[in-house]
Amino acid sequence: MFLQTLVTGLGIGSIYALMAMGYCLVFSILNFSNFAHGAMIMIGAYVGYLFCSIIGIPFFLSIIITAVITGILSVINERLAYRSLRERNAPSLYLIITAMGISIMLENLVYSTIGSNFYAYPRVFSKNYLEIFSSTIGLIDIYSFFVSIICIILLHLFLNNSKIGMAIRAGVADPIATSLMGANFNVLIRNVFFLSGIFAGISGVFMGLRYMVYPQMGWITNKAYIAAVIGGLGSLPGAIIGGFILGIIETIVSVYISSVVRDVFSFSMLILILLLKPLGLFGIKYEEKM
Amino acid sequence: MLTIKDMNVFYGHIHALQGVSIQVNQSEIVSIIGSNGAGKSTLLNSIAGIVKRASGEITFENNPLPTRSYDIVKLGISLVPERRRIFPNLTVNENLKMGAYLRNNQKEVEIDLEEMYRLFPILKKRTKQFGGTLSGGEQQMLTIARGLMSRPKFLMLDEPSLGLAPNLTEEVFLKIEEINQTGITILLVEQNAFKALEIANRAYVLENGKIAFSGIGAKMLDNPKIKDAYLGV
Amino acid sequence: MEYISTIFIVASINVVAVIGMTIFTGFTGLFSFGHAAFIAIGAYGAAILTYFYHFPFILALIFGSLLAGLISLLVGYPTIKGNLGSDYLAVALLGFGEAVRVILENLKITQGARGLPGIRICCTVPVVIIAIIISVLIARNLIYSKYGRRMVEVREDAVAAEMLGVPLFKTKYFSFFISAIFCGLSGGLFAHYYGFIQPAMFTLEQSTQILTSVVCGGIGSITGPIVATYIFVFIPEVFRFAKLWRLVFYGAALVLTMIFRPSGLMGYKEIGFHSLVAKIKRVE
Amino acid sequence: MLPLLELQQVEKTFGGICALSDISFTVNKNEIIGLIGPNGAGKTTIFNLVTGAYNISSGLILLNGKPINKKRPDQIVNLGVARTFQNIRLFKKLTVLNNVKASLYHKAKYNIFDALLKTGNYKKLEKDIDEEARILLKQMELDEYVEIQADNLAYGLQRKLEITRALGLSPELLLLDEPAAGMNPKEVINIIDLIKKVHSEYRLTIIIIEHHMKVITSLCSNVIVLNFGKKIAEGPAEEIHKNSKVIEAYLGNSTQKKKTEIAYANN
Amino acid sequence: DIIKIGANVSLTGPSSMWGISELNALRMAADKINEEGGVLGKKIEIVEYDNRANPPEAVIVNQRLIDRDNVAAIIGVAQSGTFIAARTVAEDGKTPQIGTTPTNPFATIREDGTPFKYAFRVCFIDPFQGKIAANFAFNELGAKNASIVYDVGSDYSSWLADYFIDNFTALGGKIINKEAFRSGELDFRAILGKIKASSVNIDILYIPTMQKEAGLIAKQARELGIKAPFMGGDGVGSPDLMTIGGDATEGFYFTNLADLADPMLSEWLEEYRARYGTDPVLPNPVMAVDALLLVVDAIKRAGTTDGEALAKAIEDTRNIKVLTTDNFSIDPATHNPFDKPAVINVVKDGKFEYVMSYSGES
Ligand SMILES: Nc1ncnc2c1ncn2[C@@H]1O[C@H](COP(=O)(O)OP(=O)(O)OP(=O)(O)O)[C@@H](O)[C@H]1O
Ligand SMILES: Nc1ncnc2c1ncn2[C@@H]1O[C@H](COP(=O)(O)OP(=O)(O)OP(=O)(O)O)[C@@H](O)[C@H]1O
Ligand SMILES: [Mg+2]
Ligand SMILES: [Mg+2]
């Protein structure tokens, strides 16, 4: 029983983690919560469905194509909506509101073009879950678990050990000084959004496969966002760990306390963690000197 | 090497540079002095491409200067900006490496890094510290060192001595002369007008966005008007 | 005419909450994804009084706002004292907002998700006009007093403000309290206009709608957000001809406002109260 | 007479790095103290500790005999300590006038009801503050910029505005962090006069951090020299100038110096 | 000359799939009526606005329909909460409003039991649905132990869960688990794991939610190895249930207002499919057609579109033919339909199949 609870929690957590990564990536770079990420995930789910179900391309190929498409969309999104705000040094709140505008737009675009029907991915795996030690675990959860961990490690290396990563971090603090070093910050940012779009695409397909595809599915990423906050918005490993923590706590509370108050618990925990660690579990702050 | 003709810059309705023309020759040190708000930083910033010029022509080595700052840097022009624009969220070491962003020869970069640490030993002790937590003077050193890390042909320094201890100021100016002797052209903006004029081959005086005087650096030290207005003697 | 007055009332109810949020977000520079909870608390607080105990409407309204204010003091103490970063505070409050909804969904007195149908309908055009006038007056007087100035200073540079003797916690806490009071009042009006409330009405969407009006109206302005609120209620109405594309346009309008009027419709400026404008010319 | 400010064995570490150790000194009323030392010596850190921006690691700071190291910055301000910042921290988007008013509001003794009801008391106090701010700006020769947004001012004027704003707090103790940085020699002379003026007019006690030796020599009765977080010398300016430790660590070997620099330093 | 009938429907947002079906069905029905000569010699026209299932919007929409478009009656709002908010406007505007699926008992009556003059509905109410669900589960399926998963954030779901529990326990059944989730949730494995782990083997899992959650719950429950049959309410009655839940929904029972497999609907269904190329999302479209037929009939009897007369005529409706039944009546005491029958459907081979029906009195 407890093992199953834990396994389920980890499974749910893996999905949160996968979605949280995109938030975290953009936050760790631009310091704003990109609420359009949820809408991108939704688009990813639709695009993946298109390729995998309607056109009928093999599943793994569809993931790749989807990731590229959402990557490009995410770059377009940045170029059209965020760049001018960024260049004006607008407060992050402006970017957040713009991101929300984008997500309202995309969601309703889907309503008005594709419609409000649900779609389900075709069966990709012959069996959707595994039995380990008499507890069942979803195959997709296992995949999301590994995909998110691998992505995080790669990203972490990229941002902390590569020259481009360094320039991105520099540009966040001072884009103008960065351009004085010869780096084109806009191009760097384009790369970041391409990456976050790729994550959106991958998580969209996974979400679609795990659950279903519908216009409002972007909103479920709120949970992922909360996971990212628990882990510390700017910290990539934090996103994953936050996802797992949230997943496990939710499951344990549902099973052992009450499913009704589950959210009260997880939100109180969120507040509690923030009170103890104002920047989340792994958030880092660059202390400002006077 | 660098020629500016009749340049105008505006901030909104503030006319910050009004028809400024200057020239910097190969291997020279040229100083620009002027009181607060005269437009000195504006001049350097518009050469570096981080302030848009409304009109005027800049040529560098007989070619028109590109407008984007990251393209300008590629020509070997480096600006040490005013007021310590270090990257607060990068470590000292990373800040310096950012200076060498366009350089690909890792070995040479490492050598230059060591050179910077030799020049500013206190930075060496702080390689892992975030730039933002350095003391004011340490940040200033870091800004200068970062500017040098790109191995520029043409180096612009905006108030390099700001907030530096007297002995260090001395050293920085010695270093500037030393750099210049290796063939790097230098355009210097400095409040310490004595120093600025002393080490300069030529100098310009900016007043309210216009060039008021120009001449041989050392000679200007004796100019009574300049003495009165900028040296306070 | 009924149609126009309906839209007017609907928008005005939002306006009251937006004025509160303007103080918190526009002037203090903090933001929240959970203020719908205060609207809910105000709505339930007031409605329970009139619904079960037949209190007079005005008393119920006051009680609702005070209840929201009281709860804001409880929630604000740890969260604001904790000195969270702005996004973190917003999310912590999102958590609070959702938690309030869960509680409302499970309480006996609120009748859970079924809500309270058939609340007395008392919120009419004159009522909202009076509510708005009072809210604007309070907000304005506050903003131009030392309390409001301190909020602006905290927004501009909290560290410097503290070094000038501005008590950070008190200032933010107070601003939070005031915003909750306004949201509570708005909630009371809400309940007594629609005649029916249920927890599902007070969602994240509502919180962000208020926030959106504030930002699009212009940070650091009171009149801007008010105008923006009316516009945002009217725009979807105007776009009705666009049928399903209506909200696509709405989203696009939002994005375009942010891009082309980055400091909002009325960024840092006020319309109306001329004398004050002259006197305080650009608080910012 | 009780010293105004007293530091007793103050120590500050930043995650292992010891920025200040065993710092003790006293500042008497109405003195102007110079705080000098090489870059990174810990001067600004002292200001940050005194104003409560950082927590002290060990030791004691007394203001008028009472410990203040447990207090919040805003409480310390109310005890009469004001400062300027090495990196200017004005309210960039506010006007010059509002920047100054920001510091005057701690005197406005009206409550929230006065404000909401706009009582006579409120109106009077608001008017007083407005007037006082304008007077202060006039004294500091900033009156022509009253309505200008602070970050549009030239650097030197911003420094002046910061001092004005600090004066608005009517402090007993004023901490100036490199007030003359970024100024040309002529302007340095102006700022020296200005500091002299406010010192006598407002009967202030001042601590100045400065790398322009001219400022220190012309203003300070007593100079404290720090190096690597330790106090290495203390005494009148002329003595300090001759102190070999100070010359080595800070001023630089004068034989190395060129003619003009000496001229400059002596100016 | 034309008679305008308003449609206050949700065309965007999470409930839009029903709203759009509702609108389609109304259009189709209106065209048919017009072809047959209209009403009182006038053509009828459907004027629709989107309410996003959001109470403030529904209020505005109602007001607009009444003031701007001068509609004779308003069809819709499908969601109880939104209907209740909008109802006031219809009451003030003296325009009859016929809810399609607001099953909350208080949608048409006051707390004291008296009906609102202008508020009507064509669906049954939750207590009835809960009751027949319990009856069916206990008597027909022989279930003794039941667990419930419901949406605390939805009034529909909580009402239904409570009525089911009341009736099921009254019959002698036992509720093993009552588990709640909140609207918008997609993952139910945590609560399903708890149900699976409970010591008693359940005979039925009652899921009174919308088809989205029901489909996912079914899928995830089977994944976790829960073997009990599922049962739901009218909210699950659309083919999406199978799209989402796949094989797991085989044998999923639910109470419904109307039945796609109902022979009475077959002709209409053909027509709908031919015209729109998809299946309607039940039950809203048939309810909307019933509502329209009800209004049209009342207009004919009243001989006018005056609101007050029309409301009276609607109240007096007895035994008229509508889409779902041949003898539809309105109960003047509650403004609910009289003896609205309910059907039980089951999913078989990926299709809905008729099981049995319960008449209104049961
Ligand atoms: N971003 C800006 N927006 C508006 N005005 C500006 C801006 N930057 C500079 N100015 C104005 O342009 C003029 C020239 O400024 P600049 O910074 O070039 O002077 P400076 O000679 O470098 O002075 P300092 O010695 O103080 O550094 C000043 O009047 C200043 O107020
Ligand atoms: N927040 C911090 N975290 C880590 N180290 C710090 C921090 N603040 C200051 N330091 C270190 O403490 C030392 C003292 O800094 P401080 O700013 O007091 O120097 P200073 O004497 O004012 O120097 P300057 O003349 O250059 O302004 C510096 O070496 C600095 O790097
Ligand atoms: Mg300058
Ligand atoms: Mg310092």
# chains A, B, ... in the order shown; residues from 1 in each chain; ligands from 1
call {"tool": "closest_atom_pairs", "arguments": {"of": "chain A", "to": "chain E", "cutoff": "6 Å", "atoms": "only C-alpha atoms", "output": "Markdown table"}}
result
| residue | atom | partner | partner_atom | distance |
| --- | --- | --- | --- | --- |
| A:Ser116 | CA | E:Met17 | CA | 5.3 |
| A:Ala120 | CA | E:Ile244 | CA | 5.6 |
| A:Thr251 | CA | E:Ala190 | CA | 4.8 |
| A:Ser254 | CA | E:Ile191 | CA | 5.8 |
| A:Val255 | CA | E:Lys194 | CA | 5.2 |
| A:Ser259 | CA | E:Ala180 | CA | 5.6 |
| A:Val260 | CA | E:Ala180 | CA | 5.1 |
call {"tool": "residues_near_ligand", "arguments": {"ligand": "ligand 2", "cutoff": "7 Å", "atoms": "only C-alpha atoms and all ligand atoms", "output": "ChimeraX atom specification"}}
result
/A:287-289 /B:129,133-138,163-165 /D:14,17,19,37-46
call {"tool": "interface_residues", "arguments": {"of": "chain B", "to": "chain D", "cutoff": "10 Å", "atoms": "only C-alpha atoms", "output": "PyMOL selection string"}}
result
chain B and resi 11+14+33-39+82-84+122-123+126+133-141+159-171+190-195+197-198+221+227-233
call {"tool": "residues_around", "arguments": {"residues": "Phe118 (chain A)", "least_positions_apart": "5", "cutoff": "7 Å", "atoms": "only C-alpha atoms", "output": "VMD selection string"}}
result
(chain A and resid 212 to 214) or (chain E and resid 240)
call {"tool": "atom_distance", "arguments": {"atom1": "atom 4 (C, counted along the ligand's line) of ligand 1", "atom2": "CA of His15 (chain B)"}}
result
9.4 Å
